[in-house]
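Below: the structure, in structure tokens.
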2 protein chains.
Amino acid sequence: MNILYDERIDGKLNHVDQAELLASLRGALPDLEILHSEEDRKPYECDGLSAYRTMPLLVALPEKLDQVAEILRICRRLGVPVVARGAGTGLSGGALPLEQGLLLVMARFNRIIEINPEGRFARVQPGVRNLAISQAAEPFGLYYAPDPSSQIACSIGGNVAENAGGVHCLKYGLTVHNLLKVDILTIDGERITLGSDALDAPGFDLLALFTGSEGLLGIVTEVTVKLLPKPQVARVLMASFDDVEKAGKAVADIISAGIIPGGLEMMDKLAIQAAEDFIHAGYPVDAEAILLCELDGVENDVREDIERVRNVLAIAGANDVQLARDEAERVKFWAGRKNAFPAVGRMSPDYYCMDGTIPRKQLPVVLKGTAELAEQYGLRVANVFHAGDGNMHPLILFDANQPGEFERAEALGGEILELCVAVGGTITGEHGVGREKINQMCVQFNSDELTYFHAIKAAFDPHGLLNPGKNVPTLHRCAEFGAMHVHHGNLPFPELERF
Amino acid sequence: MNILYDERIDGKLNHVDQAELLASLRGALPDLEILHSEEDRKPYECDGLSAYRTMPLLVALPEKLDQVAEILRICRRLGVPVVARGAGTGLSGGALPLEQGLLLVMARFNRIIEINPEGRFARVQPGVRNLAISQAAEPFGLYYAPDPSSQIACSIGGNVAENAGGVHCLKYGLTVHNLLKVDILTIDGERITLGSDALDAPGFDLLALFTGSEGLLGIVTEVTVKLLPKPQVARVLMASFDDVEKAGKAVADIISAGIIPGGLEMMDKLAIQAAEDFIHAGYPVDAEAILLCELDGVENDVREDIERVRNVLAIAGANDVQLARDEAERVKFWAGRKNAFPAVGRMSPDYYCMDGTIPRKQLPVVLKGTAELAEQYGLRVANVFHAGDGNMHPLILFDANQPGEFERAEALGGEILELCVAVGGTITGEHGVGREKINQMCVQFNSDELTYFHAIKAAFDPHGLLNPGKNVPTLHRCAEFGAMHVHHGNLPFPELERF
């Protein structure tokens, strides 16, 4: 499947010849590694959203910041769009290349510059892996909190670009809450520092504005993250339910009881069975849903919270509640959850992962609505998600080799996201908009709101060369999407009454 | 003292006649209360930064959002600048009126719309007082964490505009970390929602961009804040030191030990004596510095942390450490700190409060540098501050009736802020830039960086009518400031070596 950046609806870009761009880059930067053959470019045609693939015009693999700045200046001069890429683990196609664009791979900037235990921060290059930061901080009893499932592989520059989340974000916040400072290069190749080493920076909050901007405003060249002290102890409870809506309700009850778990995750029957088959985590395969609730902190505190959570779960109608006996069992419980995506992948040739976020109290409604939509489309959906945050990850199972099935999966995914918007939620929790949800942005925002996004984009990148076609749709695209989308009628859509 | 918005350096605004504006407003909004006599406008000539005073052209006191939208449309049409004001407790002159501008007082929007214990949020109008939110949430065991010293009086709209902090922000974050959603009116009178009820909002993070934008981007009309469960127990330790730098070092040691206190505050001798004279909090008046360290959470956790902090303090060389025996003593310890500003006010006809923020490890250096600068200027400085955050509040004592003394205090304040910038800090932690620190923004940022601020401002307010002359200086102002400021030579300034 090859979905192009659509010039017709996303705007007009220069047509630049591969040979011309290559000659310009080689002339100015003889030491820069550039991939230009089809074979060499092939591995870069997609990121973690592999349903979308495009061959980039060229792939540049710089090792020095001067090279990056010069690449940007050359692309600026020639009018060539630039798509930045870290480890390529993103799930929304934020690093999907453009046929007419340069792919700027930042993976070689992988140096940890400083771990500062006194100031509780780490200063790292953008290609450093998320988990590597915690590993480097470990001797000081510190760690970096946001932990995407891909944390072994994903890089911090990409985490900043997508404002990545993870299991622990319920308690410790998203990437944006764990940053002190980000250095960027602008499209003009100028270096700017956003944020500061101190608590707050005056003026407008450009650091927060930049975080999650998906490569549309600049290229991340250095990141200073906050480090947290490692909790003394972490324990996990697993509760099983005979009804998925009861489990959804229990989530709201735990939070309402004033408990802030380190993680609070939910899986439905299909996800449980897939994970159990794959990992043998000890999950109850007959349950309709399980909750995993991790409590972390100091020993006594955790012990008390466990009892409080047990009470809430009992009242909410859990059939069975198990406390992981030891660290080994705790790790096993989590291994099932953390491998749920590949586990589901074993059940189906392809799957498509959604990332809608909703107010917690809407969990039962949206679970029911998702099941109804799935039935309507004749596709299976497994639910695995950060329940405490209301961040859903419905996995739509399909077979891309069956004609029309990908399109059906994509349409179902779109409807699920629109349902999330309709109940007061958003189309993304932690995976970003990227290429994947660009059309749903037209549902989330009206044209007045999009106009502010465009003005901000223009302030940083007046010629629209940084990652065009991602994150913020053009008004033209939204007009086209609206026209394609007549079955919805006026938003908020009348179908809502169904749920 | 009457410091005007300086058209010569801040740009040109229309000259609008008071009578003409009054007639336009009355014609369109017959029910709107408008103050126009000198006597009625007088109470509004300053906010909490009373050293700066300007009489507004008119004061409008709307009660309905339709009125606010229409006021904005009229001002937009006539080219009249608009300065929004909440409770007027701001300390940086963010709500300082303009002679040629309308003062838009939002204080009457003081309704708590919803307390939602399940979703753990409160939805309130902008004129609701900070403390009133916690009081309304109390029956549910919840509270709103950011607690400026002015929390009895200050309103949440102003907290959003200034990204307010407080004693508890070390552990619980600034205003920006405790918001879900803000509704605003643009200069065109259009309503826009920033953020969402869910975890995250896609696209650029306009909510964070808006928070702390000091009325330059729009008018806050509704705020949805996060509520937190009240900690089971809170205890406070008071440590006294015979040396202010030892106390500064102890702060860094506590944080390095992996403890996150609910609050960690420092006062120096002058502040201790002023507070003790005023409040009789039981402070040791002979100490050179005290630290107040609050630990909150569940009982056992707090007990353990107290012992750990005691150890750190002993090693850091504290002379004496007292644990508040009961809740009454805890409240008394804090009362001294929370009333430190008025207490210092009793020692001197006037004082001027700075708000620089620095990396924690620079505390000893900056305390020493501040003392040296104070001696050089022949003025007394009391230090009271959020030590855990590195957020300093030097209070410069002066007598405005002595010719030249205010100017000397202002110049000393400027030098202290520039020292903060030189050690890697910023010119504001929680009070905002406002009118007060507008010149120091030229030290903090270069013209490239300011250009991005201006582009963002123009995206929201192309004619520069929203609170001009605050927060973000014009390049022209910075050029003038640089010219006035020749004694500094090139930045980073050579005087730094002194410290």
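Within each chain, counting starts at residue 1; across the structure tokens, chains are named A, B, ... in the order shown, with ligands numbered 1 upward in that order.
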
Next on the checklist: Quick one: residues within 8 Å of range 49-62 of chain B, only C-alpha atoms, excluding same-chain residues fewer than 6 positions away - as a PyMOL selection string?
Outcome noted: chain B and resi 1-4+18+22+32-36+41-42+68+90-93+96-108

Item to check | alpha helix (DSSP H) residues, from DSSP on the backbone, in range 403-466 of chain A, as a PyMOL selection string | outcome: chain A and resi 405-422+441-444+447-460

Those same residues - N, CA and C atoms - I'd like them written as an mmCIF file, in the first residue's frame.
data_model
loop_
_atom_site.group_PDB
_atom_site.id
_atom_site.type_symbol
_atom_site.label_atom_id
_atom_site.label_comp_id
_atom_site.auth_asym_id
_atom_site.auth_seq_id
_atom_site.Cartn_x
_atom_site.Cartn_y
_atom_site.Cartn_z
ATOM 1 N N GLU A 405 -10.038 -5.046 2.697
ATOM 2 C CA GLU A 405 -10.076 -5.199 4.151
ATOM 3 C C GLU A 405 -9.310 -4.073 4.863
ATOM 4 N N PHE A 406 -8.176 -3.642 4.298
ATOM 5 C CA PHE A 406 -7.461 -2.525 4.917
ATOM 6 C C PHE A 406 -8.332 -1.275 4.949
ATOM 7 N N GLU A 407 -8.993 -1.019 3.815
ATOM 8 C CA GLU A 407 -9.850 0.169 3.737
ATOM 9 C C GLU A 407 -10.959 0.089 4.785
ATOM 10 N N ARG A 408 -11.492 -1.135 5.000
ATOM 11 C CA ARG A 408 -12.546 -1.300 5.994
ATOM 12 C C ARG A 408 -11.995 -1.049 7.402
ATOM 13 N N ALA A 409 -10.790 -1.573 7.647
ATOM 14 C CA ALA A 409 -10.154 -1.371 8.957
ATOM 15 C C ALA A 409 -9.908 0.116 9.194
ATOM 16 N N GLU A 410 -9.440 0.795 8.147
ATOM 17 C CA GLU A 410 -9.152 2.226 8.273
ATOM 18 C C GLU A 410 -10.436 3.010 8.559
ATOM 19 N N ALA A 411 -11.504 2.639 7.860
ATOM 20 C CA ALA A 411 -12.781 3.333 8.063
ATOM 21 C C ALA A 411 -13.309 3.078 9.474
ATOM 22 N N LEU A 412 -13.189 1.824 9.948
ATOM 23 C CA LEU A 412 -13.624 1.499 11.312
ATOM 24 C C LEU A 412 -12.810 2.310 12.320
ATOM 25 N N GLY A 413 -11.496 2.352 12.101
ATOM 26 C CA GLY A 413 -10.635 3.134 12.989
ATOM 27 C C GLY A 413 -11.071 4.587 13.038
ATOM 28 N N GLY A 414 -11.365 5.140 11.886
ATOM 29 C CA GLY A 414 -11.824 6.524 11.825
ATOM 30 C C GLY A 414 -13.099 6.726 12.623
ATOM 31 N N GLU A 415 -14.018 5.780 12.490
ATOM 32 C CA GLU A 415 -15.287 5.918 13.225
ATOM 33 C C GLU A 415 -15.081 5.814 14.730
ATOM 34 N N ILE A 416 -14.175 4.929 15.138
ATOM 35 C CA ILE A 416 -13.890 4.807 16.579
ATOM 36 C C ILE A 416 -13.328 6.133 17.105
ATOM 37 N N LEU A 417 -12.415 6.730 16.345
ATOM 38 C CA LEU A 417 -11.840 8.011 16.788
ATOM 39 C C LEU A 417 -12.904 9.100 16.853
ATOM 40 N N GLU A 418 -13.795 9.089 15.884
ATOM 41 C CA GLU A 418 -14.842 10.109 15.882
ATOM 42 C C GLU A 418 -15.799 9.907 17.056
ATOM 43 N N LEU A 419 -16.003 8.661 17.431
ATOM 44 C CA LEU A 419 -16.796 8.377 18.629
ATOM 45 C C LEU A 419 -16.099 8.960 19.867
ATOM 46 N N CYS A 420 -14.779 8.818 19.926
ATOM 47 C CA CYS A 420 -14.018 9.389 21.047
ATOM 48 C C CYS A 420 -14.219 10.898 21.116
ATOM 49 N N VAL A 421 -14.159 11.561 19.970
ATOM 50 C CA VAL A 421 -14.364 13.017 19.931
ATOM 51 C C VAL A 421 -15.779 13.348 20.400
ATOM 52 N N ALA A 422 -16.735 12.561 19.957
ATOM 53 C CA ALA A 422 -18.142 12.853 20.257
ATOM 54 C C ALA A 422 -18.442 12.777 21.749
ATOM 55 N N MET A 441 -8.357 15.061 12.338
ATOM 56 C CA MET A 441 -8.123 16.413 12.872
ATOM 57 C C MET A 441 -9.210 17.372 12.390
ATOM 58 N N CYS A 442 -9.765 17.067 11.221
ATOM 59 C CA CYS A 442 -10.848 17.908 10.683
ATOM 60 C C CYS A 442 -12.132 17.728 11.485
ATOM 61 N N VAL A 443 -12.229 16.590 12.191
ATOM 62 C CA VAL A 443 -13.388 16.356 13.050
ATOM 63 C C VAL A 443 -13.152 17.006 14.405
ATOM 64 N N GLN A 444 -11.895 16.903 14.863
ATOM 65 C CA GLN A 444 -11.555 17.421 16.192
ATOM 66 C C GLN A 444 -11.605 18.950 16.239
ATOM 67 N N SER A 447 -12.422 25.140 11.472
ATOM 68 C CA SER A 447 -11.453 25.854 10.647
ATOM 69 C C SER A 447 -10.862 27.066 11.363
ATOM 70 N N ASP A 448 -11.614 27.689 12.289
ATOM 71 C CA ASP A 448 -11.032 28.779 13.085
ATOM 72 C C ASP A 448 -9.850 28.275 13.898
ATOM 73 N N GLU A 449 -10.052 27.125 14.520
ATOM 74 C CA GLU A 449 -8.991 26.572 15.360
ATOM 75 C C GLU A 449 -7.784 26.176 14.509
ATOM 76 N N LEU A 450 -8.044 25.557 13.368
ATOM 77 C CA LEU A 450 -6.939 25.145 12.491
ATOM 78 C C LEU A 450 -6.162 26.363 11.999
ATOM 79 N N THR A 451 -6.850 27.479 11.842
ATOM 80 C CA THR A 451 -6.170 28.691 11.383
ATOM 81 C C THR A 451 -5.058 29.105 12.351
ATOM 82 N N TYR A 452 -5.298 28.940 13.666
ATOM 83 C CA TYR A 452 -4.244 29.255 14.630
ATOM 84 C C TYR A 452 -3.059 28.304 14.479
ATOM 85 N N PHE A 453 -3.362 27.029 14.255
ATOM 86 C CA PHE A 453 -2.268 26.072 14.023
ATOM 87 C C PHE A 453 -1.444 26.501 12.806
ATOM 88 N N HIS A 454 -2.130 26.894 11.751
ATOM 89 C CA HIS A 454 -1.401 27.268 10.529
ATOM 90 C C HIS A 454 -0.559 28.517 10.752
ATOM 91 N N ALA A 455 -1.094 29.457 11.540
ATOM 92 C CA ALA A 455 -0.329 30.684 11.789
ATOM 93 C C ALA A 455 0.945 30.359 12.573
ATOM 94 N N ILE A 456 0.831 29.429 13.521
ATOM 95 C CA ILE A 456 2.011 29.039 14.310
ATOM 96 C C ILE A 456 3.006 28.305 13.418
ATOM 97 N N LYS A 457 2.496 27.420 12.594
ATOM 98 C CA LYS A 457 3.362 26.720 11.643
ATOM 99 C C LYS A 457 4.110 27.740 10.772
ATOM 100 N N ALA A 458 3.387 28.722 10.281
ATOM 101 C CA ALA A 458 3.995 29.717 9.391
ATOM 102 C C ALA A 458 5.051 30.550 10.122
ATOM 103 N N ALA A 459 4.840 30.757 11.433
ATOM 104 C CA ALA A 459 5.814 31.533 12.203
ATOM 105 C C ALA A 459 7.169 30.822 12.223
ATOM 106 N N PHE A 460 7.158 29.503 12.291
ATOM 107 C CA PHE A 460 8.402 28.736 12.366
ATOM 108 C C PHE A 460 8.901 28.318 10.980
#

Next on the checklist: Residues within 12 Å of Pro284 in chain B, please, as a ChimeraX atom specification. Count only C-alpha atoms; anything in the same chain fewer than 4 positions from it doesn't count.
Outcome noted: /B:238-242,267-277,280,288-291,319-322,333,336

Item to check | Test item: chain B residues at most 6 Å from chain A, counting only C-alpha atoms, as a PyMOL selection string | outcome: chain B and resi 118+198+200+203-205+208-209+213+229+256+258+300-301+357-359+425+429+455+459+471

Checklist entry - Where in range 127-300 of chain B does DSSP assign strand (DSSP E), given as a PyMOL selection string? => result chain B and resi 142-143+179-185+191-195+219-226+228-229+233-241+263-268+289-297

Item to check | For Val244 in chain B, the nearest of the candidates B:Ala69, B:Ile152, B:Ile113, B:Ala387, counting only C-alpha atoms | outcome: B:Ala387

Using only C-alpha atoms, determine which residues lie at most 8 Å from Val366 in chain A, disregarding the query and same-chain residues fewer than 3 positions distant; provide the list as a short mmCIF file (atom, residue, chain, number, x, y, z; two decimals) with C-alpha atoms, in the first residue's frame.
data_model
loop_
_atom_site.label_atom_id
_atom_site.label_comp_id
_atom_site.auth_asym_id
_atom_site.auth_seq_id
_atom_site.Cartn_x
_atom_site.Cartn_y
_atom_site.Cartn_z
CA GLN A 362 -17.07 7.36 29.20
CA LEU A 363 -15.08 4.08 29.16
CA GLY A 369 -19.83 1.54 20.96
CA THR A 370 -16.56 0.08 19.68
CA LEU A 419 -16.80 8.38 18.63
CA CYS A 420 -14.02 9.39 21.05
CA PHE A 499 -24.48 4.80 22.10
#

Item to check | Non-local contacts of range 133-138 of chain B (9 Å; only C-alpha atoms; under 6 positions in same chain excluded) as a PyMOL selection string | outcome: chain B and resi 112+115-117+122+124+144-145+156+227+230

Could you please take those selected residues and save C-alpha atoms as an mmCIF file, in the first residue's frame?
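Writing done, so here's selection_28.cif:
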data_model
loop_
_atom_site.group_PDB
_atom_site.id
_atom_site.type_symbol
_atom_site.label_atom_id
_atom_site.label_comp_id
_atom_site.auth_asym_id
_atom_site.auth_seq_id
_atom_site.Cartn_x
_atom_site.Cartn_y
_atom_site.Cartn_z
ATOM 1 C CA ILE B 112 -17.965 27.489 40.135
ATOM 2 C CA ILE B 115 -16.929 19.996 40.684
ATOM 3 C CA ASN B 116 -16.506 16.538 39.175
ATOM 4 C CA PRO B 117 -15.013 14.099 41.693
ATOM 5 C CA ALA B 122 -13.371 21.558 38.486
ATOM 6 C CA VAL B 124 -14.943 27.431 36.907
ATOM 7 C CA TYR B 144 -6.394 22.326 43.627
ATOM 8 C CA ALA B 145 -2.631 22.173 44.157
ATOM 9 C CA ILE B 156 -7.891 31.505 38.520
ATOM 10 C CA LEU B 227 -8.099 18.270 41.302
ATOM 11 C CA LYS B 230 -5.752 15.633 49.687
#

Checklist entry - Do you know which residues are at most 10 Å from Leu72 in chain B counting only C-alpha atoms, after dropping those on the same chain fewer than 2 positions away, and could you put them as a list in words? => result Asp66, Gln67, Val68, Ala69, Glu70, Ile74, Cys75, Arg76, Arg77, Leu78, Val80, Pro81, Val82, Leu102, Leu104, Leu185, Thr186, Ile187, Asp188, Gly189, Glu190, Gly218, Ile219, Leu465 and Leu466 of chain B

Item to check | Nearest residue to Val233 in chain B from the set B:Lys338, B:Arg73, B:Arg330, B:Arg477 (distances using only C-alpha atoms) | outcome: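 Under the stated criterion, the closest residue is B:Arg330.
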